[in-house]
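Okay, work-v6.cif now, which holds mmCIF, C-alpha atoms and all ligand atoms:
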```cif
data_final
#
loop_
_atom_site.label_atom_id
_atom_site.label_comp_id
_atom_site.auth_asym_id
_atom_site.auth_seq_id
_atom_site.Cartn_x
_atom_site.Cartn_y
_atom_site.Cartn_z
CA MET F 216 6.00 24.20 3.90
CA ARG F 217 2.73 23.36 5.61
CA PRO F 218 2.41 20.03 7.43
CA VAL F 219 1.53 16.98 5.34
CA GLN F 220 -2.23 16.50 5.12
CA ARG F 221 -4.15 13.29 5.62
CA VAL F 222 -6.93 13.06 3.07
CA SER F 223 -9.21 10.36 1.71
CA TYR F 224 -8.23 9.42 -1.81
CA GLU F 225 -11.82 8.68 -2.71
CA PRO F 226 -14.58 11.25 -2.90
CA LEU F 227 -16.57 10.61 0.27
CA PRO F 228 -20.35 10.86 0.37
CA LEU F 229 -21.69 13.79 2.38
CA TRP F 230 -22.96 11.66 5.27
CA MET F 231 -19.50 10.14 5.70
CA ARG F 232 -17.79 13.53 5.68
CA ALA F 233 -20.31 14.76 8.24
CA LYS F 234 -19.63 11.72 10.42
CA VAL F 235 -15.86 12.25 10.29
CA ALA F 236 -16.24 15.98 11.08
CA TRP F 237 -18.51 15.17 14.03
CA THR F 238 -16.11 12.55 15.42
CA LYS F 239 -13.21 14.99 15.05
CA LEU F 240 -15.14 17.72 16.84
CA ARG F 241 -16.09 15.41 19.68
CA THR F 242 -12.88 13.44 20.19
CA GLY F 243 -10.18 15.44 18.40
CA HIS F 244 -9.37 12.64 15.96
CA GLU F 245 -10.96 10.96 12.99
CA GLY F 246 -11.87 7.77 14.83
CA HIS F 247 -11.87 4.42 13.10
CA THR F 248 -11.01 5.02 9.46
CA PHE F 249 -13.41 3.17 7.28
CA TYR F 250 -11.99 4.72 4.15
CA THR F 251 -8.44 4.76 2.84
CA LEU F 252 -6.31 7.69 3.89
CA THR F 253 -3.30 9.02 2.11
CA TRP F 254 -0.62 11.54 2.97
CA HIS F 255 -0.99 14.48 0.64
CA VAL F 256 0.99 17.61 -0.24
CA PRO F 257 -0.62 19.69 -3.01
CA VAL F 258 1.55 19.92 -6.14
CA ASN F 259 1.61 23.73 -5.93
CA GLU F 260 3.02 23.60 -2.42
CA ILE F 261 6.45 23.68 -4.12
CA LEU F 262 6.47 27.42 -4.68
CA ASP F 263 9.68 27.61 -6.73
CA GLY F 264 8.49 27.14 -10.34
CA GLY F 265 11.81 25.73 -11.58
CA LEU F 266 12.03 23.21 -8.77
CA ARG F 267 8.38 22.26 -9.26
CA ARG F 268 8.98 21.56 -12.96
CA GLU F 269 12.01 19.43 -12.15
CA MET F 270 10.07 17.53 -9.51
CA LEU F 271 7.19 16.98 -11.94
CA ASP F 272 9.70 15.59 -14.48
CA PHE F 273 10.87 13.20 -11.78
CA ALA F 274 7.27 12.16 -11.04
CA ARG F 275 6.67 11.67 -14.77
CA GLY F 276 9.79 9.49 -14.85
CA MET F 277 8.25 7.32 -12.11
CA TYR F 278 4.94 7.25 -13.99
CA HIS F 279 6.63 5.76 -17.07
CA TYR F 280 9.05 3.51 -15.20
CA GLU F 281 8.70 -0.25 -15.64
CA LEU F 282 10.13 -2.68 -13.11
CA PRO F 283 12.68 -5.14 -14.54
CA PRO F 284 11.54 -8.73 -15.29
CA GLY F 285 10.59 -10.30 -11.97
CA ASP F 286 8.71 -7.16 -10.93
CA ALA F 287 10.84 -6.34 -7.89
CA VAL F 288 13.84 -4.22 -6.96
CA ILE F 289 15.56 -3.55 -3.65
CA LEU F 290 15.99 0.14 -2.86
CA THR F 291 18.95 1.70 -1.06
CA GLY F 292 19.95 5.20 0.02
CA MET F 293 16.40 6.49 -0.31
CA LEU F 294 16.62 8.93 2.62
CA ASP F 295 19.98 10.35 1.56
CA GLY F 296 18.39 13.36 -0.14
CA PRO F 297 15.29 14.34 1.79
CA GLY F 298 16.31 12.81 5.14
CA ALA F 299 13.65 11.28 7.35
CA GLY F 300 12.16 14.73 8.05
CA GLY F 301 11.55 15.46 4.38
CA ALA F 302 10.56 11.95 3.31
CA LEU F 303 6.96 12.24 4.43
CA HIS F 304 6.58 15.50 2.48
CA LEU F 305 8.26 13.92 -0.53
CA PHE F 306 5.98 10.87 -0.47
CA GLY F 307 2.90 13.03 0.10
CA TRP F 308 3.90 15.29 -2.78
CA LEU F 309 4.72 12.39 -5.12
CA ARG F 310 1.29 10.96 -4.35
CA ALA F 311 -0.36 14.23 -5.36
CA ALA F 312 1.82 14.60 -8.47
CA LEU F 313 1.23 11.02 -9.68
CA ALA F 314 -2.53 11.34 -9.13
CA ALA F 315 -2.50 14.64 -11.05
CA ILE F 316 -0.48 13.15 -13.93
CA SER F 317 -2.84 10.18 -14.22
CA GLY F 318 -5.99 12.25 -13.64
CA GLU F 319 -7.33 9.67 -11.16
CA GLU F 320 -7.32 10.34 -7.41
CA SER F 321 -7.33 6.62 -6.75
CA SER F 322 -4.26 5.88 -8.88
CA ALA F 323 -1.73 6.93 -6.20
CA ILE F 324 -1.83 6.70 -2.43
CA ALA F 325 0.78 7.19 0.28
CA ALA F 326 -1.01 5.36 3.06
CA PRO F 327 -0.01 6.18 6.66
CA THR F 328 1.19 3.08 8.48
CA GLY F 329 -1.40 1.57 10.78
CA GLN F 330 -1.27 -0.75 13.74
CA SER F 331 -1.96 -3.81 11.60
CA GLY F 332 -0.26 -7.08 12.29
CA ASP F 333 -0.47 -10.12 14.48
CA GLU F 334 -0.16 -10.21 18.26
CA ASP F 335 3.58 -10.86 18.15
CA GLY F 336 4.05 -7.86 15.88
CA SER F 337 4.68 -10.01 12.82
CA PHE F 338 2.64 -9.56 9.69
CA GLY F 339 1.73 -12.62 7.65
CA LEU F 340 2.61 -12.70 3.96
CA HIS F 341 -0.06 -10.61 2.26
CA ALA F 342 -0.73 -8.32 -0.67
CA ASP F 343 -2.02 -4.82 0.05
CA MET F 344 -4.53 -5.00 -2.81
CA TRP F 345 -5.09 -1.29 -2.99
CA ILE F 346 -6.40 0.03 -6.29
CA PRO F 347 -2.89 1.01 -7.45
CA ALA F 348 -0.58 -1.97 -7.92
CA LEU F 349 3.02 -0.77 -7.61
CA LEU F 350 4.33 -0.66 -4.09
CA PHE F 351 7.27 1.54 -3.10
CA ASN F 352 8.18 0.97 0.56
CA VAL F 353 11.09 2.72 2.26
CA PHE F 354 12.03 2.02 5.88
CA ASN F 355 13.03 4.68 8.36
CA HIS F 356 12.87 3.51 11.99
CA VAL F 357 13.89 -0.12 12.17
CA VAL F 358 14.64 -2.36 15.14
CA ALA F 359 17.76 -4.54 15.04
CA ALA F 360 16.98 -8.23 14.46
CA GLN F 361 13.22 -7.63 14.55
CA GLY F 362 10.54 -6.82 12.02
CA ALA F 363 12.61 -7.89 8.99
CA SER F 364 10.82 -7.75 5.65
CA LEU F 365 9.48 -10.93 4.09
CA LEU F 366 8.90 -11.27 0.37
CA LEU F 367 7.39 -14.11 -1.62
CA PRO F 368 6.52 -14.31 -5.33
CA MET F 369 2.78 -14.60 -5.94
CA ASP F 370 3.48 -17.46 -8.37
CA GLU F 371 4.87 -19.56 -5.52
CA MET F 372 2.00 -18.71 -3.18
CA TRP F 373 -0.63 -20.68 -5.11
CA GLY F 374 1.12 -24.05 -4.76
CA ILE F 375 1.99 -23.44 -1.11
CA ALA F 376 -1.61 -22.46 -0.34
CA ALA F 377 -2.90 -25.59 -2.10
CA ALA F 378 -0.49 -27.82 -0.14
CA ALA F 379 -1.54 -26.12 3.12
CA GLY F 380 -5.16 -27.00 2.45
CA VAL F 381 -6.65 -23.89 0.84
CA PRO F 382 -9.40 -25.39 -1.36
CA ALA F 383 -9.42 -24.83 -5.12
CA ASP F 384 -12.61 -22.73 -5.08
CA VAL F 385 -11.12 -20.41 -2.43
CA ARG F 386 -7.94 -20.03 -4.48
CA ALA F 387 -10.08 -19.20 -7.50
CA GLU F 388 -11.84 -16.51 -5.46
CA MET F 389 -8.45 -15.11 -4.45
CA ALA F 390 -7.34 -15.03 -8.07
CA GLU F 391 -10.47 -13.05 -8.91
CA ALA F 392 -9.89 -10.64 -6.00
CA ARG F 393 -6.32 -10.11 -7.23
CA VAL F 394 -7.68 -8.75 -10.50
CA GLU F 395 -10.65 -6.88 -9.09
CA ALA F 396 -8.43 -5.07 -6.58
CA GLY F 397 -7.72 -2.71 -9.47
CA GLU F 398 -11.16 -1.20 -8.88
CA CYS F 399 -11.66 -1.38 -5.10
CA ASP F 400 -9.47 -1.92 -2.04
CA TYR F 401 -9.52 -5.69 -1.81
CA PHE F 402 -7.24 -6.32 1.17
CA GLU F 403 -9.89 -8.28 3.06
CA GLN F 404 -11.25 -10.08 0.01
CA PHE F 405 -7.80 -11.45 -0.82
CA ASN F 406 -5.99 -11.87 2.51
CA GLY F 407 -9.14 -12.75 4.44
CA LEU F 408 -9.40 -15.93 2.40
CA LEU F 409 -5.96 -16.97 3.68
CA TYR F 410 -6.07 -15.70 7.25
CA GLY F 411 -9.68 -15.41 8.22
CA ASP F 412 -11.07 -18.00 10.59
CA HIS F 413 -10.45 -21.03 8.36
CA PRO F 414 -9.23 -24.57 9.04
CA TRP F 415 -6.10 -23.84 6.92
CA THR F 416 -5.22 -20.45 8.42
CA ASP F 417 -2.37 -21.45 10.77
CA ARG F 418 -0.92 -23.95 8.32
CA VAL F 419 -0.84 -21.55 5.41
CA ARG F 420 0.58 -18.73 7.54
CA ARG F 421 3.48 -20.95 8.65
CA ALA F 422 4.11 -22.41 5.19
CA LEU F 423 4.21 -18.99 3.50
CA ARG F 424 6.50 -17.63 6.19
CA GLU F 425 8.89 -20.57 5.73
CA ALA F 426 8.97 -20.13 1.96
CA ALA F 427 9.46 -16.35 2.05
CA ILE F 428 12.75 -14.54 1.52
CA GLU F 429 13.77 -12.71 4.69
CA VAL F 430 15.29 -9.30 3.96
CA PRO F 431 16.46 -7.22 6.93
CA LEU F 432 16.27 -3.64 5.67
CA GLY F 433 17.94 -0.66 7.30
CA PRO F 434 16.92 3.02 7.30
CA GLY F 435 16.64 4.30 3.74
CA GLN F 436 16.36 0.79 2.32
CA GLY F 437 13.21 -0.74 0.98
CA TYR F 438 11.58 -2.51 -1.92
CA PHE F 439 9.70 -1.57 -5.05
CA VAL F 440 7.46 -4.40 -6.21
CA ASN F 441 4.28 -5.10 -8.08
CA ASP F 442 1.86 -5.92 -5.26
CA ARG F 443 -0.07 -8.35 -7.51
CA GLU F 444 3.14 -10.31 -8.20
CA TRP F 445 4.71 -10.31 -4.72
CA LEU F 446 3.42 -10.89 -1.22
CA HIS F 447 5.16 -9.08 1.60
CA GLY F 448 5.15 -9.27 5.38
CA ARG F 449 7.42 -8.91 8.38
CA THR F 450 8.93 -11.03 11.11
CA GLU F 451 8.08 -10.56 14.81
CA LEU F 452 8.37 -7.07 16.24
CA ALA F 453 7.91 -6.50 19.98
CA PRO F 454 5.02 -4.09 20.57
CA ASP F 455 7.21 -1.77 22.64
CA ALA F 456 10.27 -2.04 20.36
CA LEU F 457 9.45 1.33 18.88
CA PRO F 458 8.06 4.24 20.89
CA ARG F 459 4.53 5.13 19.82
CA GLU F 460 5.53 8.48 18.33
CA LEU F 461 8.01 6.79 15.98
CA LYS F 462 5.54 4.22 14.69
CA GLU F 463 4.01 6.57 12.16
CA ASP F 464 7.47 7.18 10.69
CA ARG F 465 8.45 3.52 10.70
CA LEU F 466 8.25 3.37 6.92
CA TYR F 467 7.08 5.48 4.05
CA ARG F 468 4.99 3.93 1.37
CA LEU F 469 3.67 4.92 -1.97
CA ALA F 470 1.35 2.80 -4.07
CA TYR F 471 0.67 3.96 -7.60
CA ASN F 472 -0.14 2.82 -11.09
CA ASN F 473 2.34 3.57 -13.85
CA ALA F 474 1.15 4.60 -17.31
CA ARG F 475 0.62 1.01 -18.47
CA LEU F 476 -1.25 -0.11 -15.33
CA ASP F 477 -3.24 3.10 -15.37
CA ALA F 478 -4.39 2.41 -18.94
CA ALA F 479 -5.40 -1.13 -17.95
CA ALA F 480 -7.30 0.24 -14.94
CA GLY F 481 -9.09 2.74 -17.18
CA LYS F 482 -10.20 -0.05 -19.53
CA ARG F 483 -11.41 -2.16 -16.62
CA ARG F 484 -13.32 0.80 -15.18
CA VAL F 485 -15.21 1.17 -18.46
CA GLU F 486 -15.99 -2.56 -18.47
CA TRP F 487 -17.27 -2.36 -14.89
CA GLU F 488 -19.49 0.54 -15.79
CA TRP F 489 -20.89 -1.34 -18.79
CA THR F 490 -21.65 -4.38 -16.69
CA GLY F 491 -23.18 -2.31 -13.92
CA ARG F 492 -20.34 -2.86 -11.43
CA HIS F 493 -19.12 0.56 -10.53
CA ALA F 494 -16.21 1.34 -8.23
CA ALA F 495 -18.38 3.76 -6.28
CA GLY F 496 -20.09 0.71 -4.84
CA CYS F 497 -16.87 -0.55 -3.23
CA LYS F 498 -17.29 1.06 0.16
CA SER F 499 -21.02 1.61 0.34
FE FE F 501 1.31 -4.46 3.38
#
```
I need this file expressed as structure tokens, please.
Ligand SMILES: [Fe+2]
Amino acid sequence: MRPVQRVSYEPLPLWMRAKVAWTKLRTGHEGHTFYTLTWHVPVNEILDGGLRREMLDFARGMYHYELPPGDAVILTGMLDGPGAGGALHLFGWLRAALAAISGEESSAIAAPTGQSGDEDGSFGLHADMWIPALLFNVFNHVVAAQGASLLLPMDEMWGIAAAAGVPADVRAEMAEARVEAGECDYFEQFNGLLYGDHPWTDRVRRALREAAIEVPLGPGQGYFVNDREWLHGRTELAPDALPRELKEDRLYRLAYNNARLDAAAGKRRVEWEWTGRHAAGCKS
């Protein structure tokens, strides 16, 4: 099978594609990514027709799956089948299959892991706020006693943020961003209101961290949550704890909308178009 591709999950305007191509030609890499990338393996890359049908049934199963009440499950044994080597292909393929099933490129992304996080390698409690809402994260390379996962219900966040000094109008803006994320990537709009340069930033970061559930997850373990209902983060991770070449395979993630969320997103898209707010304006 060919290597997993990195593609933008949004149609890019010509000038942006030209800019990326020019940067690649000059420096050999894409440069700063100002659009969201996803791992991608075309559906037809599985050449065996029988296997492809079975895999598509599996993807359809995921598309119709609903999380149990509470909107979160812990995953185990997720690398038992594909192994770490095959996981990236599997996630890239599932991304392509789920986008094909839904008919929307933006409804499924398997985002490569970036260098995001704080100086000490921790990552404050946040929501990814990509367009798709379900978040399927599986860990591969983990470091003992470092970088444990943190999870916190969104419901609890509001009270903690209020007590830490996040003003009511800012919380209202966050609540709006939480809904509008279904149309655009709203990571900054939501998390920036907590952790930007605000008087409450340090207090709220500490308070959310203290309230969060700490879940040390091993290779093949992970979580499957609704990103709008749960915040996630990680504890400190020394910058040199993982060699650079392993960082990209630290975890595999897939964000997608299931059939119900996809229908809701479709309805919202129509409303946005009626009111003159179109998703194409998100990045421009
Ligand atoms: Fe995240």
Given 7 Å and only C-alpha atoms and all ligand atoms, residues near ligand FE 501 (chain F) as an mmCIF file with C-alpha atoms, in the coordinates of the input:
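And here is the file that came out, pocket.cif:
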```cif
data_model
loop_
_atom_site.group_PDB
_atom_site.id
_atom_site.type_symbol
_atom_site.label_atom_id
_atom_site.label_comp_id
_atom_site.auth_asym_id
_atom_site.auth_seq_id
_atom_site.Cartn_x
_atom_site.Cartn_y
_atom_site.Cartn_z
ATOM 1 C CA HIS F 341 -0.060 -10.610 2.260
ATOM 2 C CA ALA F 342 -0.730 -8.320 -0.670
ATOM 3 C CA ASP F 343 -2.020 -4.820 0.050
ATOM 4 C CA HIS F 447 5.160 -9.080 1.600
ATOM 5 C CA GLY F 448 5.150 -9.270 5.380
#
```
With all atoms listed in the file as the atoms that count, which of F:Ala378, F:Ala427, F:Leu365, F:Ile261 lies nearest to Trp415 in chain F?
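So, comparing all the options, the nearest one is F:Ala378.
The two atoms in question, CA of Pro327 in chain F and CA of Ser364 in chain F, are spaced 17.7 Å apart.
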Given only C-alpha atoms as the basis, pick out the residue of F:Arg424, F:Pro431, F:Leu466, F:Ser317 nearest to Ala480 in chain F.
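Using only C-alpha atoms, Ala480 in chain F sits closest to F:Ser317.
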Just give me the gap between CA of Trp489 in chain F and CA of Glu319 in chain F in Å, one decimal is fine.
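Calculated distance between CA of Trp489 in chain F and CA of Glu319 in chain F is 19.1 Å.
When only C-alpha atoms are used to compute distances to Val419 in chain F, the closest of the residues F:Leu446, F:Leu340, F:Ala274, F:Ala392 turns out to be F:Leu340.
Going from CA of Thr450 in chain F over to CA of Ser322 in chain F, you cover 29.3 Å.
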Tell me which residues come within 8 Å of (8.4, -7.1, 14.4), as a PDB file with C-alpha atoms, in the frame of the given file, counting all atoms listed in the file in the file's coordinates.
```pdb
ATOM      1  CA  ASP F 335       3.580 -10.860  18.150  1.00  0.00           C
ATOM      2  CA  GLY F 336       4.050  -7.860  15.880  1.00  0.00           C
ATOM      3  CA  SER F 337       4.680 -10.010  12.820  1.00  0.00           C
ATOM      4  CA  PHE F 338       2.640  -9.560   9.690  1.00  0.00           C
ATOM      5  CA  VAL F 358      14.640  -2.360  15.140  1.00  0.00           C
ATOM      6  CA  GLN F 361      13.220  -7.630  14.550  1.00  0.00           C
ATOM      7  CA  GLY F 362      10.540  -6.820  12.020  1.00  0.00           C
ATOM      8  CA  ALA F 363      12.610  -7.890   8.990  1.00  0.00           C
ATOM      9  CA  ARG F 449       7.420  -8.910   8.380  1.00  0.00           C
ATOM     10  CA  THR F 450       8.930 -11.030  11.110  1.00  0.00           C
ATOM     11  CA  GLU F 451       8.080 -10.560  14.810  1.00  0.00           C
ATOM     12  CA  LEU F 452       8.370  -7.070  16.240  1.00  0.00           C
ATOM     13  CA  ALA F 453       7.910  -6.500  19.980  1.00  0.00           C
ATOM     14  CA  PRO F 454       5.020  -4.090  20.570  1.00  0.00           C
TER      15      PRO F 454
END
```
Give the answer as one residue: which of F:Ala325, F:Phe273, F:Gly397, F:Glu488 has the shortest atom-to-atom distance to Leu303 in chain F, using all atoms listed in the file?
F:Ala325
Spatial sel., origin (-11.5, -4.3, -2.1), limit 9 Å, all atoms listed in the file, listed as a tab-separated table (two decimals) with C-alpha atoms, in the coordinates of the input:
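Saved the output as part-v1.tsv:
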```
chain	number	residue	atom	x	y	z
F	344	MET	CA	-4.53	-5.00	-2.81
F	345	TRP	CA	-5.09	-1.29	-2.99
F	346	ILE	CA	-6.40	0.03	-6.29
F	392	ALA	CA	-9.89	-10.64	-6.00
F	395	GLU	CA	-10.65	-6.88	-9.09
F	396	ALA	CA	-8.43	-5.07	-6.58
F	397	GLY	CA	-7.72	-2.71	-9.47
F	398	GLU	CA	-11.16	-1.20	-8.88
F	399	CYS	CA	-11.66	-1.38	-5.10
F	400	ASP	CA	-9.47	-1.92	-2.04
F	401	TYR	CA	-9.52	-5.69	-1.81
F	402	PHE	CA	-7.24	-6.32	1.17
F	403	GLU	CA	-9.89	-8.28	3.06
F	404	GLN	CA	-11.25	-10.08	0.01
F	405	PHE	CA	-7.80	-11.45	-0.82
F	497	CYS	CA	-16.87	-0.55	-3.23
F	498	LYS	CA	-17.29	1.06	0.16
```
My list of candidates is F:Glu388, F:Glu460, F:Glu269, F:Glu260. Which is closest to Leu408 in chain F when distances are computed with all atoms listed in the file?
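Closest residue, counting all atoms listed in the file: F:Glu388.
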